[in-house]
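Undergrad: What follows is coords.txt; its format and atoms are compact mmCIF, C-alpha atoms (C1' of nucleotides) and all ligand atoms.
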# COMPACT_ATOMS: atom_id res chain seq x y z
CA MET Q 1 0.00 0.00 0.00
CA GLU Q 2 2.92 2.27 0.68
CA ARG Q 3 4.13 1.47 -2.79
CA ILE Q 4 0.77 2.52 -4.20
CA VAL Q 5 0.88 5.84 -2.37
CA ARG Q 6 4.42 6.44 -3.55
CA LYS Q 7 3.51 5.60 -7.10
CA TYR Q 8 0.61 8.00 -7.48
CA ARG Q 9 1.46 10.81 -5.08
CA GLY Q 10 1.96 14.15 -6.73
CA LYS Q 11 0.60 13.20 -10.14
CA GLY Q 12 -2.80 14.88 -10.01
CA PHE Q 13 -4.31 11.53 -9.15
CA LYS Q 14 -6.08 11.80 -5.80
CA LEU Q 15 -5.76 8.73 -3.65
CA THR Q 16 -9.17 8.27 -2.10
CA PRO Q 17 -10.01 5.24 0.05
CA GLN Q 18 -12.09 3.78 -2.80
CA ARG Q 19 -9.26 4.20 -5.25
CA ILE Q 20 -6.77 2.67 -2.89
CA ALA Q 21 -9.07 -0.32 -2.49
CA ILE Q 22 -9.34 -0.65 -6.26
CA LEU Q 23 -5.58 -0.34 -6.69
CA LYS Q 24 -4.96 -2.96 -4.02
CA PHE Q 25 -7.41 -5.31 -5.67
CA LEU Q 26 -5.78 -4.80 -9.05
CA GLU Q 27 -2.15 -4.91 -7.94
CA GLY Q 28 -0.65 -8.16 -9.16
CA ASN Q 29 -4.09 -9.44 -10.14
CA THR Q 30 -3.78 -11.71 -13.17
CA ASN Q 31 -7.46 -12.61 -13.36
CA HIS Q 32 -8.40 -9.86 -15.82
CA PRO Q 33 -11.46 -8.74 -13.85
CA THR Q 34 -14.49 -7.04 -15.35
CA ALA Q 35 -15.94 -3.77 -14.04
CA ASP Q 36 -18.48 -5.84 -12.18
CA ASP Q 37 -15.78 -8.00 -10.59
CA ILE Q 38 -14.06 -4.87 -9.31
CA TYR Q 39 -17.31 -3.34 -8.12
CA THR Q 40 -18.34 -6.50 -6.27
CA GLU Q 41 -15.00 -6.68 -4.50
CA ILE Q 42 -14.80 -3.03 -3.47
CA LYS Q 43 -18.40 -3.11 -2.28
CA LYS Q 44 -17.40 -5.54 0.46
CA LYS Q 45 -15.41 -2.83 2.19
CA TYR Q 46 -17.21 0.25 0.80
CA PRO Q 47 -20.87 -0.72 0.49
CA THR Q 48 -21.84 2.60 -1.06
CA VAL Q 49 -19.26 2.57 -3.83
CA SER Q 50 -20.77 3.22 -7.23
CA PHE Q 51 -20.11 1.84 -10.68
CA ALA Q 52 -19.26 5.37 -11.76
CA THR Q 53 -16.32 5.33 -9.37
CA VAL Q 54 -15.11 2.02 -10.73
CA TYR Q 55 -15.35 3.19 -14.33
CA ASN Q 56 -13.87 6.60 -13.53
CA THR Q 57 -10.94 4.96 -11.82
CA VAL Q 58 -10.16 2.43 -14.51
CA GLN Q 59 -10.42 5.19 -17.11
CA ALA Q 60 -8.02 7.37 -15.16
CA LEU Q 61 -5.60 4.47 -14.88
CA ARG Q 62 -5.98 3.62 -18.55
CA ASP Q 63 -5.29 7.25 -19.50
CA ARG Q 64 -2.11 7.11 -17.46
CA GLY Q 65 -1.00 3.91 -19.13
CA GLU Q 66 -1.27 1.94 -15.90
CA LEU Q 67 -3.99 -0.43 -17.06
CA LEU Q 68 -5.18 -2.07 -20.27
CA GLU Q 69 -8.65 -2.76 -21.58
CA ILE Q 70 -8.87 -6.29 -22.95
CA THR Q 71 -11.32 -7.04 -25.77
CA ILE Q 72 -10.85 -10.80 -26.12
CA ASP Q 73 -14.27 -11.47 -24.56
CA PRO Q 74 -17.08 -10.34 -26.88
CA GLU Q 75 -19.44 -10.01 -23.92
CA ARG Q 76 -17.69 -7.39 -21.84
CA LYS Q 77 -14.46 -5.60 -21.20
CA HIS Q 78 -11.83 -7.01 -18.89
CA PHE Q 79 -9.14 -4.95 -17.25
CA ASP Q 80 -5.48 -5.74 -16.87
CA PRO Q 81 -3.29 -3.95 -14.32
CA ASN Q 82 -0.21 -5.14 -16.19
CA PRO Q 83 0.31 -2.54 -18.91
CA SER Q 84 3.39 -4.16 -20.40
CA ALA Q 85 2.95 -5.54 -23.91
CA HIS Q 86 1.70 -9.09 -23.70
CA HIS Q 87 -1.03 -11.29 -25.16
CA HIS Q 88 -3.97 -13.31 -23.91
CA ILE Q 89 -5.62 -16.67 -24.18
CA MET Q 90 -9.24 -17.29 -23.32
CA CYS Q 91 -10.87 -20.62 -22.53
CA THR Q 92 -13.84 -21.04 -24.82
CA GLY Q 93 -15.42 -23.26 -22.18
CA CYS Q 94 -15.45 -21.08 -19.08
CA GLY Q 95 -14.11 -17.72 -20.21
CA LYS Q 96 -10.98 -17.81 -18.09
CA ILE Q 97 -8.30 -15.48 -19.44
CA GLY Q 98 -4.59 -16.22 -19.13
CA ASP Q 99 -1.49 -14.20 -19.94
CA VAL Q 100 0.94 -14.94 -22.74
CA PHE Q 101 4.27 -13.27 -22.11
CA PHE Q 102 6.12 -13.53 -25.34
CA ASP Q 103 7.02 -10.86 -27.83
CA TYR Q 104 6.02 -12.03 -31.30
CA SER Q 105 6.65 -8.65 -32.95
CA GLU Q 106 9.57 -9.93 -34.97
CA SER Q 107 7.34 -12.51 -36.61
CA LEU Q 108 4.44 -10.20 -37.30
CA GLY Q 109 5.56 -8.47 -40.46
CA LEU Q 110 2.63 -7.25 -42.49
CA PRO Q 111 1.91 -7.75 -46.20
CA GLU Q 112 2.85 -4.81 -48.35
CA GLU Q 113 -0.77 -4.04 -49.29
CA VAL Q 114 -1.47 -3.44 -45.60
CA THR Q 115 1.59 -1.30 -44.82
CA ARG Q 116 0.77 0.78 -47.88
CA GLU Q 117 -2.49 1.76 -46.24
CA PHE Q 118 -1.68 1.62 -42.52
CA ALA Q 119 1.25 2.87 -40.46
CA VAL Q 120 1.32 0.09 -37.89
CA THR Q 121 1.68 1.07 -34.24
CA GLY Q 122 0.93 -2.07 -32.29
CA ASN Q 123 -0.46 -5.55 -32.10
CA HIS Q 124 -2.21 -7.84 -29.71
CA ILE Q 125 -2.86 -11.53 -30.10
CA ASP Q 126 -5.96 -13.31 -28.86
CA PHE Q 127 -5.43 -17.02 -28.44
CA TYR Q 128 -8.31 -19.40 -27.83
CA GLY Q 129 -8.24 -22.78 -26.18
CA ILE Q 130 -9.63 -25.05 -23.51
CA CYS Q 131 -8.30 -24.76 -19.98
CA SER Q 132 -7.30 -27.80 -17.97
CA SER Q 133 -10.33 -27.74 -15.69
CA CYS Q 134 -12.71 -27.57 -18.65
CA ARG Q 135 -10.86 -30.45 -20.28
CA ALA Q 136 -11.26 -32.45 -17.08
CA LYS Q 137 -15.03 -31.92 -17.15
CA THR Q 138 -15.72 -33.02 -20.72
CA SER Q 139 -13.36 -35.96 -20.90
CA MET I 1 -28.04 -13.86 -55.90
CA GLU I 2 -28.44 -17.22 -57.55
CA ARG I 3 -25.24 -18.25 -55.83
CA ILE I 4 -26.75 -17.22 -52.51
CA VAL I 5 -29.87 -19.30 -53.13
CA ARG I 6 -27.79 -22.27 -54.16
CA LYS I 7 -25.59 -21.96 -51.10
CA TYR I 8 -28.34 -21.98 -48.50
CA ARG I 9 -31.11 -23.99 -50.14
CA GLY I 10 -32.02 -27.16 -48.32
CA LYS I 11 -30.06 -26.46 -45.16
CA GLY I 12 -32.86 -25.49 -42.81
CA PHE I 13 -32.03 -21.84 -43.43
CA LYS I 14 -35.06 -20.09 -44.89
CA LEU I 15 -34.27 -17.52 -47.50
CA THR I 16 -36.60 -14.65 -46.76
CA PRO I 17 -36.38 -11.34 -48.64
CA GLN I 18 -34.81 -9.68 -45.62
CA ARG I 19 -32.20 -12.38 -45.32
CA ILE I 20 -31.39 -12.24 -48.97
CA ALA I 21 -30.90 -8.49 -48.67
CA ILE I 22 -28.58 -9.01 -45.71
CA LEU I 23 -26.65 -11.71 -47.54
CA LYS I 24 -26.28 -9.53 -50.60
CA PHE I 25 -25.05 -6.65 -48.49
CA LEU I 26 -22.54 -8.87 -46.76
CA GLU I 27 -21.31 -10.80 -49.79
CA GLY I 28 -17.80 -9.66 -50.60
CA ASN I 29 -18.14 -6.79 -48.12
CA THR I 30 -14.74 -6.04 -46.58
CA ASN I 31 -15.91 -3.10 -44.49
CA HIS I 32 -16.62 -5.14 -41.34
CA PRO I 33 -20.03 -3.57 -40.72
CA THR I 34 -21.71 -3.28 -37.35
CA ALA I 35 -25.26 -4.45 -36.66
CA ASP I 36 -26.36 -0.86 -37.09
CA ASP I 37 -24.60 -0.60 -40.45
CA ILE I 38 -26.47 -3.67 -41.66
CA TYR I 39 -29.77 -2.47 -40.24
CA THR I 40 -29.41 0.98 -41.84
CA GLU I 41 -28.67 -0.57 -45.22
CA ILE I 42 -31.48 -3.12 -45.21
CA LYS I 43 -33.94 -0.51 -43.99
CA LYS I 44 -33.55 1.33 -47.28
CA LYS I 45 -35.28 -1.49 -49.10
CA TYR I 46 -37.29 -2.96 -46.21
CA PRO I 47 -38.31 -0.02 -44.02
CA THR I 48 -39.97 -2.24 -41.43
CA VAL I 49 -37.00 -4.52 -40.85
CA SER I 50 -36.13 -4.88 -37.17
CA PHE I 51 -32.87 -5.14 -35.30
CA ALA I 52 -34.01 -8.54 -34.09
CA THR I 53 -33.94 -9.77 -37.67
CA VAL I 54 -30.45 -8.43 -38.19
CA TYR I 55 -29.17 -10.03 -35.01
CA ASN I 56 -31.02 -13.28 -35.62
CA THR I 57 -29.57 -13.50 -39.10
CA VAL I 58 -25.98 -12.78 -38.15
CA GLN I 59 -26.27 -15.30 -35.32
CA ALA I 60 -27.62 -17.92 -37.67
CA LEU I 61 -24.76 -17.25 -40.06
CA ARG I 62 -22.22 -17.28 -37.25
CA ASP I 63 -23.57 -20.62 -36.03
CA ARG I 64 -23.13 -22.00 -39.54
CA GLY I 65 -19.56 -20.77 -39.72
CA GLU I 66 -20.39 -18.34 -42.52
CA LEU I 67 -19.57 -15.18 -40.60
CA LEU I 68 -17.23 -14.00 -37.86
CA GLU I 69 -17.73 -11.64 -34.99
CA ILE I 70 -14.80 -9.23 -34.72
CA THR I 71 -13.85 -7.84 -31.29
CA ILE I 72 -11.05 -5.45 -32.29
CA ASP I 73 -13.28 -2.42 -31.62
CA PRO I 74 -13.99 -2.06 -27.89
CA GLU I 75 -17.16 -0.07 -28.65
CA ARG I 76 -19.18 -2.60 -30.60
CA LYS I 77 -19.08 -5.81 -32.54
CA HIS I 78 -18.27 -5.85 -36.23
CA PHE I 79 -19.21 -8.67 -38.56
CA ASP I 80 -17.12 -10.27 -41.23
CA PRO I 81 -18.67 -12.36 -44.01
CA ASN I 82 -15.28 -13.86 -44.72
CA PRO I 83 -15.01 -16.79 -42.30
CA SER I 84 -11.56 -17.88 -43.42
CA ALA I 85 -8.80 -17.45 -40.86
CA HIS I 86 -7.34 -13.99 -41.18
CA HIS I 87 -6.45 -11.02 -39.01
CA HIS I 88 -7.40 -7.37 -38.72
CA ILE I 89 -5.95 -3.92 -38.38
CA MET I 90 -7.88 -0.97 -37.03
CA CYS I 91 -7.07 2.69 -37.50
CA THR I 92 -6.91 4.30 -34.07
CA GLY I 93 -7.86 7.58 -35.71
CA CYS I 94 -11.10 6.77 -37.52
CA GLY I 95 -11.89 3.16 -36.59
CA LYS I 96 -11.53 1.80 -40.13
CA ILE I 97 -10.87 -1.94 -40.09
CA GLY I 98 -8.75 -3.67 -42.72
CA ASP I 99 -7.98 -7.29 -43.44
CA VAL I 100 -4.63 -8.98 -42.96
CA PHE I 101 -4.39 -12.13 -45.00
CA PHE I 102 -1.35 -13.89 -43.72
CA ASP I 103 -1.11 -17.06 -41.70
CA TYR I 104 1.21 -16.43 -38.77
CA SER I 105 0.39 -19.70 -37.02
CA GLU I 106 3.84 -21.13 -37.57
CA SER I 107 5.37 -18.24 -35.63
CA LEU I 108 2.88 -18.29 -32.79
CA GLY I 109 4.24 -21.07 -30.62
CA LEU I 110 3.21 -20.63 -27.01
CA PRO I 111 5.38 -20.75 -23.89
CA GLU I 112 5.28 -24.05 -22.07
CA GLU I 113 3.55 -22.59 -19.00
CA VAL I 114 0.63 -21.66 -21.24
CA THR I 115 0.34 -24.95 -23.13
CA ARG I 116 0.45 -26.74 -19.79
CA GLU I 117 -2.77 -25.00 -18.84
CA PHE I 118 -4.51 -24.48 -22.19
CA ALA I 119 -5.07 -26.72 -25.20
CA VAL I 120 -4.82 -24.06 -27.89
CA THR I 121 -7.43 -24.09 -30.63
CA GLY I 122 -6.99 -20.82 -32.47
CA ASN I 123 -5.61 -17.33 -32.64
CA HIS I 124 -6.48 -13.94 -33.99
CA ILE I 125 -4.24 -10.91 -34.24
CA ASP I 126 -5.42 -7.35 -33.77
CA PHE I 127 -3.09 -4.84 -35.34
CA TYR I 128 -3.39 -1.13 -34.67
CA GLY I 129 -2.22 1.72 -36.82
CA ILE I 130 -3.09 4.95 -38.61
CA CYS I 131 -4.72 4.77 -42.01
CA SER I 132 -3.52 6.88 -44.91
CA SER I 133 -6.42 9.31 -44.84
CA CYS I 134 -5.94 9.93 -41.11
CA ARG I 135 -2.24 10.50 -41.70
CA ALA I 136 -3.09 13.03 -44.40
CA LYS I 137 -5.24 14.99 -41.96
CA THR I 138 -2.77 15.32 -39.09
CA SER I 139 0.38 15.95 -41.10
C1' DT J 1 -53.00 -25.91 -52.05
C1' DA J 2 -52.44 -26.70 -47.24
C1' DC J 3 -49.46 -27.31 -43.47
C1' DT J 4 -45.98 -26.32 -40.22
C1' DA J 5 -41.55 -25.17 -38.78
C1' DT J 6 -39.18 -21.19 -38.98
C1' DA J 7 -38.79 -16.18 -39.49
C1' DA J 8 -40.22 -11.16 -39.05
C1' DT J 9 -41.87 -7.62 -36.31
C1' DA J 10 -42.69 -4.11 -32.51
C1' DG J 11 -41.55 -3.18 -28.47
C1' DA J 12 -40.17 -4.39 -23.90
C1' DA J 13 -36.23 -6.10 -21.22
C1' DT J 14 -31.50 -6.64 -20.15
C1' DT J 15 -26.79 -5.41 -19.72
C1' DA J 16 -22.77 -2.63 -20.07
C1' DT J 17 -21.27 1.80 -19.83
C1' DT J 18 -21.56 6.84 -19.51
C1' DC J 19 -23.44 11.10 -17.93
C1' DC J 20 -25.06 14.44 -14.50
C1' DA J 21 -25.80 17.36 -10.58
C1' DA J 22 -25.04 17.73 -5.80
C1' DG J 23 -22.51 17.01 -1.92
C1' DA J 24 -17.75 15.41 -0.06
C1' DT J 25 -12.78 15.48 0.46
C1' DA J 26 -7.57 15.00 -0.80
C1' DG J 27 -3.90 17.64 -1.49
C1' DT J 28 -1.86 22.04 -1.17
C1' DA J 29 -0.53 26.44 0.23
C1' DA J 30 -0.89 30.04 3.60
C1' DT M 1 -3.61 23.90 11.41
C1' DT M 2 -6.77 25.91 8.48
C1' DA M 3 -9.00 27.10 4.46
C1' DC M 4 -9.46 26.54 -0.33
C1' DT M 5 -10.53 24.37 -4.52
C1' DA M 6 -9.83 21.12 -7.98
C1' DT M 7 -11.02 16.68 -8.14
C1' DC M 8 -13.73 12.75 -6.56
C1' DT M 9 -17.89 10.06 -5.03
C1' DT M 10 -22.47 9.00 -5.33
C1' DG M 11 -27.35 7.73 -6.79
C1' DG M 12 -29.84 7.75 -10.32
C1' DA M 13 -30.95 8.87 -14.90
C1' DA M 14 -29.44 8.35 -19.74
C1' DT M 15 -27.48 5.91 -23.60
C1' DA M 16 -26.32 2.22 -26.45
C1' DA M 17 -25.79 -2.51 -27.75
C1' DT M 18 -27.97 -6.63 -27.67
C1' DT M 19 -31.49 -10.06 -26.45
C1' DC M 20 -36.08 -11.64 -25.45
C1' DT M 21 -41.15 -12.26 -26.12
C1' DA M 22 -45.54 -12.74 -27.99
C1' DT M 23 -47.87 -12.37 -32.15
C1' DT M 24 -48.33 -12.53 -36.95
C1' DA M 25 -46.48 -13.91 -41.41
C1' DT M 26 -44.39 -16.92 -44.70
C1' DA M 27 -40.82 -20.20 -47.07
C1' DG M 28 -40.35 -24.59 -48.13
C1' DT M 29 -42.46 -28.88 -48.54
C1' DA M 30 -45.84 -32.55 -49.04
MN MN L 201 -2.85 -9.85 -19.04
MN MN L 202 -11.94 -9.43 -42.22
ZN ZN L 203 -12.16 -23.34 -18.98
ZN ZN L 204 -8.16 6.40 -40.12
Would you give me this structure, written as structure tokens?
Ligand SMILES: [Mn+2]
Ligand SMILES: [Mn+2]
Ligand SMILES: [Zn+2]
Ligand SMILES: [Zn+2]

TA:
Amino acid sequence: MERIVRKYRGKGFKLTPQRIAILKFLEGNTNHPTADDIYTEIKKKYPTVSFATVYNTVQALRDRGELLEITIDPERKHFDPNPSAHHHIMCTGCGKIGDVFFDYSESLGLPEEVTREFAVTGNHIDFYGICSSCRAKTS
Amino acid sequence: MERIVRKYRGKGFKLTPQRIAILKFLEGNTNHPTADDIYTEIKKKYPTVSFATVYNTVQALRDRGELLEITIDPERKHFDPNPSAHHHIMCTGCGKIGDVFFDYSESLGLPEEVTREFAVTGNHIDFYGICSSCRAKTS
DNA sequence: TACTATAATAGAATTATTCCAAGATAGTAA
DNA sequence: TTACTATCTTGGAATAATTCTATTATAGTA
């Protein structure tokens, strides 16, 4: 928590109790929670917290480059407190999202007809698969 | 249009006038339209068409493997009548989505800690960039 | 031509997300 | 400390995308 305070102090980002709770929940969290996941968690300690606060906070973090919005799930957005470039894999059985830490950039050269039209700035890979617990169920 | 009839005849997929209009709009369309784009177009010829029909039709096509749902745009789904494996690039300026026809699968080996947990079934790459017309504007 | 499974429609419902106005408060500077 | 104010929180309304439902219509088939 001291690290959190140190990280955001003096950056025009006010550290309110709700925000600190959100930051603590997100810190090191590799579950890629949805807005609802965050809301449900923070509500345990701050029963009057609102969705607006959750969305405002994740937006503020996103704008500061501290958090990523993940689009791999067509149903809803997931948030990732690890802003370093990495990729994701989602289980098509249960929706679980895992991290893929590998830089494929070298292999992702684009065809000339694409680079003629687009100046490429980034990439993100969505992998799909079946997680071990889902495999256990169906087999 | 004859090709469309031939393709779907006798497969439990009724070819209504609205569906034919949707199929014609989608056929060869590389613009990755949204549900609203489809609705707006079909409404020109069938003013009473409903969103339910648009969604029902794209779902039926998706279930038959004739159409893909694209998640590259965090705001809304886009649909792609080309179901063959390919990737996409979106302009972060105007939202335009282009196709990337290149099979990167050979280069997309996953780290062992991922394959231990997930049996991989597929992948899709989202590229980001700036399209030529957006570059013309800002420069 | 008649039948029936499937589709189309209007509109309500649901869900995710954003907006808004009013009241609080974190951080700062005196 | 204290006071100030820019920023934040909140409940609830608003928006937007998508799905559901009940009713009516019709494509495909016998
Ligand atoms: Mn991640
Ligand atoms: Mn495409
Ligand atoms: Zn699973
Ligand atoms: Zn553009």

Undergrad: What are the closest atom pairs, with distances in Å to one decimal, for each residue of chain Q lying within 10 Å of chain J, using all atoms listed in the file, rows by chain and rising residue number, as CSV?

TA:
residue,atom,partner,partner_atom,distance
Q:Arg9,CA,J:DG27,C1',9.4
Q:Gly10,CA,J:DG27,C1',8.6
Q:Gly12,CA,J:DG27,C1',9.0
Q:Phe13,CA,J:DA26,C1',9.6
Q:Lys14,CA,J:DA26,C1',6.1
Q:Leu15,CA,J:DA26,C1',7.1
Q:Thr16,CA,J:DA26,C1',7.0
Q:Ala35,CA,J:DA16,C1',9.2
Q:Asp36,CA,J:DA16,C1',9.5
Q:Phe51,CA,J:DT17,C1',9.2
Q:Ala52,CA,J:DT18,C1',8.2
Q:Tyr55,CA,J:DT17,C1',8.2
Q:Asn56,CA,J:DT18,C1',9.7
Q:Glu75,CA,J:DA16,C1',9.0
Q:Arg76,CA,J:DA16,C1',7.2
Q:Lys77,CA,J:DA16,C1',8.9

Undergrad: Could I get the residue neighbourhood of ligand ZN 204 (chain L) at 6 Å, counting all atoms listed in the file, as a list of chain:residue names?

TA: I:Cys91, I:Gly93, I:Cys94, I:Lys96, I:Ile130, I:Cys131, I:Ser133, I:Cys134

Undergrad: At most 10 Å is the cut-off: for each residue in chain M with any atom that close to an atom of chain Q, write down the nearest atom pair and the distance in Å rounded to one decimal, counting all atoms listed in the file, chain first then increasing number, as JSON lines.

TA:
{"residue": "M:DA6", "atom": "C1'", "partner": "Q:Gly12", "partner_atom": "CA", "distance": 9.6}
{"residue": "M:DT7", "atom": "C1'", "partner": "Q:Lys14", "partner_atom": "CA", "distance": 7.3}
{"residue": "M:DC8", "atom": "C1'", "partner": "Q:Lys14", "partner_atom": "CA", "distance": 7.7}
{"residue": "M:DT9", "atom": "C1'", "partner": "Q:Thr53", "partner_atom": "CA", "distance": 6.6}
{"residue": "M:DT10", "atom": "C1'", "partner": "Q:Ser50", "partner_atom": "CA", "distance": 6.3}
{"residue": "M:DG11", "atom": "C1'", "partner": "Q:Ser50", "partner_atom": "CA", "distance": 8.0}
{"residue": "M:DT18", "atom": "C1'", "partner": "Q:Glu75", "partner_atom": "CA", "distance": 9.9}

Undergrad: Next, the residues of the selection above should be written as an mmCIF file, keeping the file's coordinate frame with C-alpha atoms (C1' of nucleotides).

TA:
data_model
loop_
_atom_site.group_PDB
_atom_site.id
_atom_site.type_symbol
_atom_site.label_atom_id
_atom_site.label_comp_id
_atom_site.auth_asym_id
_atom_site.auth_seq_id
_atom_site.Cartn_x
_atom_site.Cartn_y
_atom_site.Cartn_z
ATOM 1 C "C1'" DA M 6 -9.830 21.120 -7.980
ATOM 2 C "C1'" DT M 7 -11.020 16.680 -8.140
ATOM 3 C "C1'" DC M 8 -13.730 12.750 -6.560
ATOM 4 C "C1'" DT M 9 -17.890 10.060 -5.030
ATOM 5 C "C1'" DT M 10 -22.470 9.000 -5.330
ATOM 6 C "C1'" DG M 11 -27.350 7.730 -6.790
ATOM 7 C "C1'" DT M 18 -27.970 -6.630 -27.670
#

Undergrad: C1' of DA3 (chain M) to CA of Arg3 (chain Q): how many Å, to one decimal?

TA: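 Distance reported for this atom pair: 29.7 Å.
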
Undergrad: Quick one: contact table of chain Q to chain I, 10 Å max, nearest atom pair and distance in Å to one decimal per residue, counting all atoms listed in the file, chain and number order, as JSON lines?

TA:
{"residue": "Q:Glu69", "atom": "CA", "partner": "I:Pro74", "partner_atom": "CA", "distance": 8.3}
{"residue": "Q:Ile70", "atom": "CA", "partner": "I:Pro74", "partner_atom": "CA", "distance": 8.3}
{"residue": "Q:Thr71", "atom": "CA", "partner": "I:Pro74", "partner_atom": "CA", "distance": 6.0}
{"residue": "Q:Ile72", "atom": "CA", "partner": "I:Thr71", "partner_atom": "CA", "distance": 6.7}
{"residue": "Q:Asp73", "atom": "CA", "partner": "I:Thr71", "partner_atom": "CA", "distance": 7.7}
{"residue": "Q:Pro74", "atom": "CA", "partner": "I:Thr71", "partner_atom": "CA", "distance": 6.0}
{"residue": "Q:Glu75", "atom": "CA", "partner": "I:Thr71", "partner_atom": "CA", "distance": 9.5}
{"residue": "Q:Arg76", "atom": "CA", "partner": "I:Pro74", "partner_atom": "CA", "distance": 8.9}
{"residue": "Q:Lys77", "atom": "CA", "partner": "I:Pro74", "partner_atom": "CA", "distance": 7.6}
{"residue": "Q:His87", "atom": "CA", "partner": "I:Ile125", "partner_atom": "CA", "distance": 9.6}
{"residue": "Q:His88", "atom": "CA", "partner": "I:Asn123", "partner_atom": "CA", "distance": 9.8}
{"residue": "Q:Ile89", "atom": "CA", "partner": "I:Phe118", "partner_atom": "CA", "distance": 8.1}
{"residue": "Q:Met90", "atom": "CA", "partner": "I:Phe118", "partner_atom": "CA", "distance": 8.7}
{"residue": "Q:Cys91", "atom": "CA", "partner": "I:Phe118", "partner_atom": "CA", "distance": 7.4}
{"residue": "Q:Thr92", "atom": "CA", "partner": "I:Thr121", "partner_atom": "CA", "distance": 9.2}
{"residue": "Q:Gly98", "atom": "CA", "partner": "I:Val114", "partner_atom": "CA", "distance": 7.8}
{"residue": "Q:Asp99", "atom": "CA", "partner": "I:Val114", "partner_atom": "CA", "distance": 7.9}
{"residue": "Q:Val100", "atom": "CA", "partner": "I:Val114", "partner_atom": "CA", "distance": 6.9}
{"residue": "Q:Phe101", "atom": "CA", "partner": "I:Pro111", "partner_atom": "CA", "distance": 7.8}
{"residue": "Q:Phe102", "atom": "CA", "partner": "I:Pro111", "partner_atom": "CA", "distance": 7.4}
{"residue": "Q:Asp103", "atom": "CA", "partner": "I:Leu108", "partner_atom": "CA", "distance": 9.8}
{"residue": "Q:Tyr104", "atom": "CA", "partner": "I:Leu108", "partner_atom": "CA", "distance": 7.2}
{"residue": "Q:Glu106", "atom": "CA", "partner": "I:Ser107", "partner_atom": "CA", "distance": 9.3}
{"residue": "Q:Ser107", "atom": "CA", "partner": "I:Ser107", "partner_atom": "CA", "distance": 6.1}
{"residue": "Q:Leu108", "atom": "CA", "partner": "I:Tyr104", "partner_atom": "CA", "distance": 7.2}
{"residue": "Q:Gly109", "atom": "CA", "partner": "I:Tyr104", "partner_atom": "CA", "distance": 9.2}
{"residue": "Q:Leu110", "atom": "CA", "partner": "I:Val100", "partner_atom": "CA", "distance": 7.5}
{"residue": "Q:Pro111", "atom": "CA", "partner": "I:Phe102", "partner_atom": "CA", "distance": 7.4}
{"residue": "Q:Glu113", "atom": "CA", "partner": "I:Val100", "partner_atom": "CA", "distance": 8.9}
{"residue": "Q:Val114", "atom": "CA", "partner": "I:Val100", "partner_atom": "CA", "distance": 6.9}
{"residue": "Q:Thr115", "atom": "CA", "partner": "I:Cys131", "partner_atom": "CA", "distance": 9.2}
{"residue": "Q:Arg116", "atom": "CA", "partner": "I:Ser132", "partner_atom": "CA", "distance": 8.0}
{"residue": "Q:Glu117", "atom": "CA", "partner": "I:Ser132", "partner_atom": "CA", "distance": 5.4}
{"residue": "Q:Phe118", "atom": "CA", "partner": "I:Cys131", "partner_atom": "CA", "distance": 4.4}
{"residue": "Q:Ala119", "atom": "CA", "partner": "I:Ile130", "partner_atom": "CA", "distance": 5.2}
{"residue": "Q:Val120", "atom": "CA", "partner": "I:Gly129", "partner_atom": "CA", "distance": 4.0}
{"residue": "Q:Thr121", "atom": "CA", "partner": "I:Gly129", "partner_atom": "CA", "distance": 4.7}
{"residue": "Q:Gly122", "atom": "CA", "partner": "I:Tyr128", "partner_atom": "CA", "distance": 5.0}
{"residue": "Q:Asn123", "atom": "CA", "partner": "I:Phe127", "partner_atom": "CA", "distance": 4.2}
{"residue": "Q:His124", "atom": "CA", "partner": "I:Asp126", "partner_atom": "CA", "distance": 5.2}
{"residue": "Q:Ile125", "atom": "CA", "partner": "I:Ile125", "partner_atom": "CA", "distance": 4.4}
{"residue": "Q:Asp126", "atom": "CA", "partner": "I:His124", "partner_atom": "CA", "distance": 5.2}
{"residue": "Q:Phe127", "atom": "CA", "partner": "I:Asn123", "partner_atom": "CA", "distance": 4.2}
{"residue": "Q:Tyr128", "atom": "CA", "partner": "I:Gly122", "partner_atom": "CA", "distance": 5.0}
{"residue": "Q:Gly129", "atom": "CA", "partner": "I:Val120", "partner_atom": "CA", "distance": 4.0}
{"residue": "Q:Ile130", "atom": "CA", "partner": "I:Ala119", "partner_atom": "CA", "distance": 5.1}
{"residue": "Q:Cys131", "atom": "CA", "partner": "I:Phe118", "partner_atom": "CA", "distance": 4.4}
{"residue": "Q:Ser132", "atom": "CA", "partner": "I:Glu117", "partner_atom": "CA", "distance": 5.4}
{"residue": "Q:Ser133", "atom": "CA", "partner": "I:Glu117", "partner_atom": "CA", "distance": 8.6}
{"residue": "Q:Cys134", "atom": "CA", "partner": "I:Phe118", "partner_atom": "CA", "distance": 9.5}
{"residue": "Q:Arg135", "atom": "CA", "partner": "I:Ala119", "partner_atom": "CA", "distance": 8.5}

Undergrad: Between C1' of DC20 (chain M) and CA of Ala60 (chain I), what is the distance, to one decimal in Å?

TA: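 So the two atoms, C1' of DC20 (chain M) and CA of Ala60 (chain I), lie 16.1 Å apart.
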
Undergrad: For the atom pair CA of Lys24 (chain I) and C1' of DT26 (chain M), what is the interatomic distance in Å to one decimal place?

TA: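 Taking CA of Lys24 (chain I) and C1' of DT26 (chain M), their separation equals 20.4 Å.
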
Undergrad: Applying 12 Å and only C-alpha atoms (C1' of nucleotides), which residues near Leu23 (chain Q) remain after dropping the ones on its own chain fewer than 5 positions away? List them as a PyMOL selection string.

TA: chain Q and resi 1-5+7-8+15-18+28-29+38+41-42+54+57-58+60-61+66-67+80-82

Undergrad: Report as lines of an AutoDock Vina configuration file the centre and the edge lengths, in Å to one decimal, of the axis-aligned box holding every listed atom of region 66-73 of chain I, padded by 5 Å on each side.

TA:
center_x = -15.7
center_y = -10.4
center_z = -36.9
size_x = 19.3
size_y = 25.9
size_z = 21.2
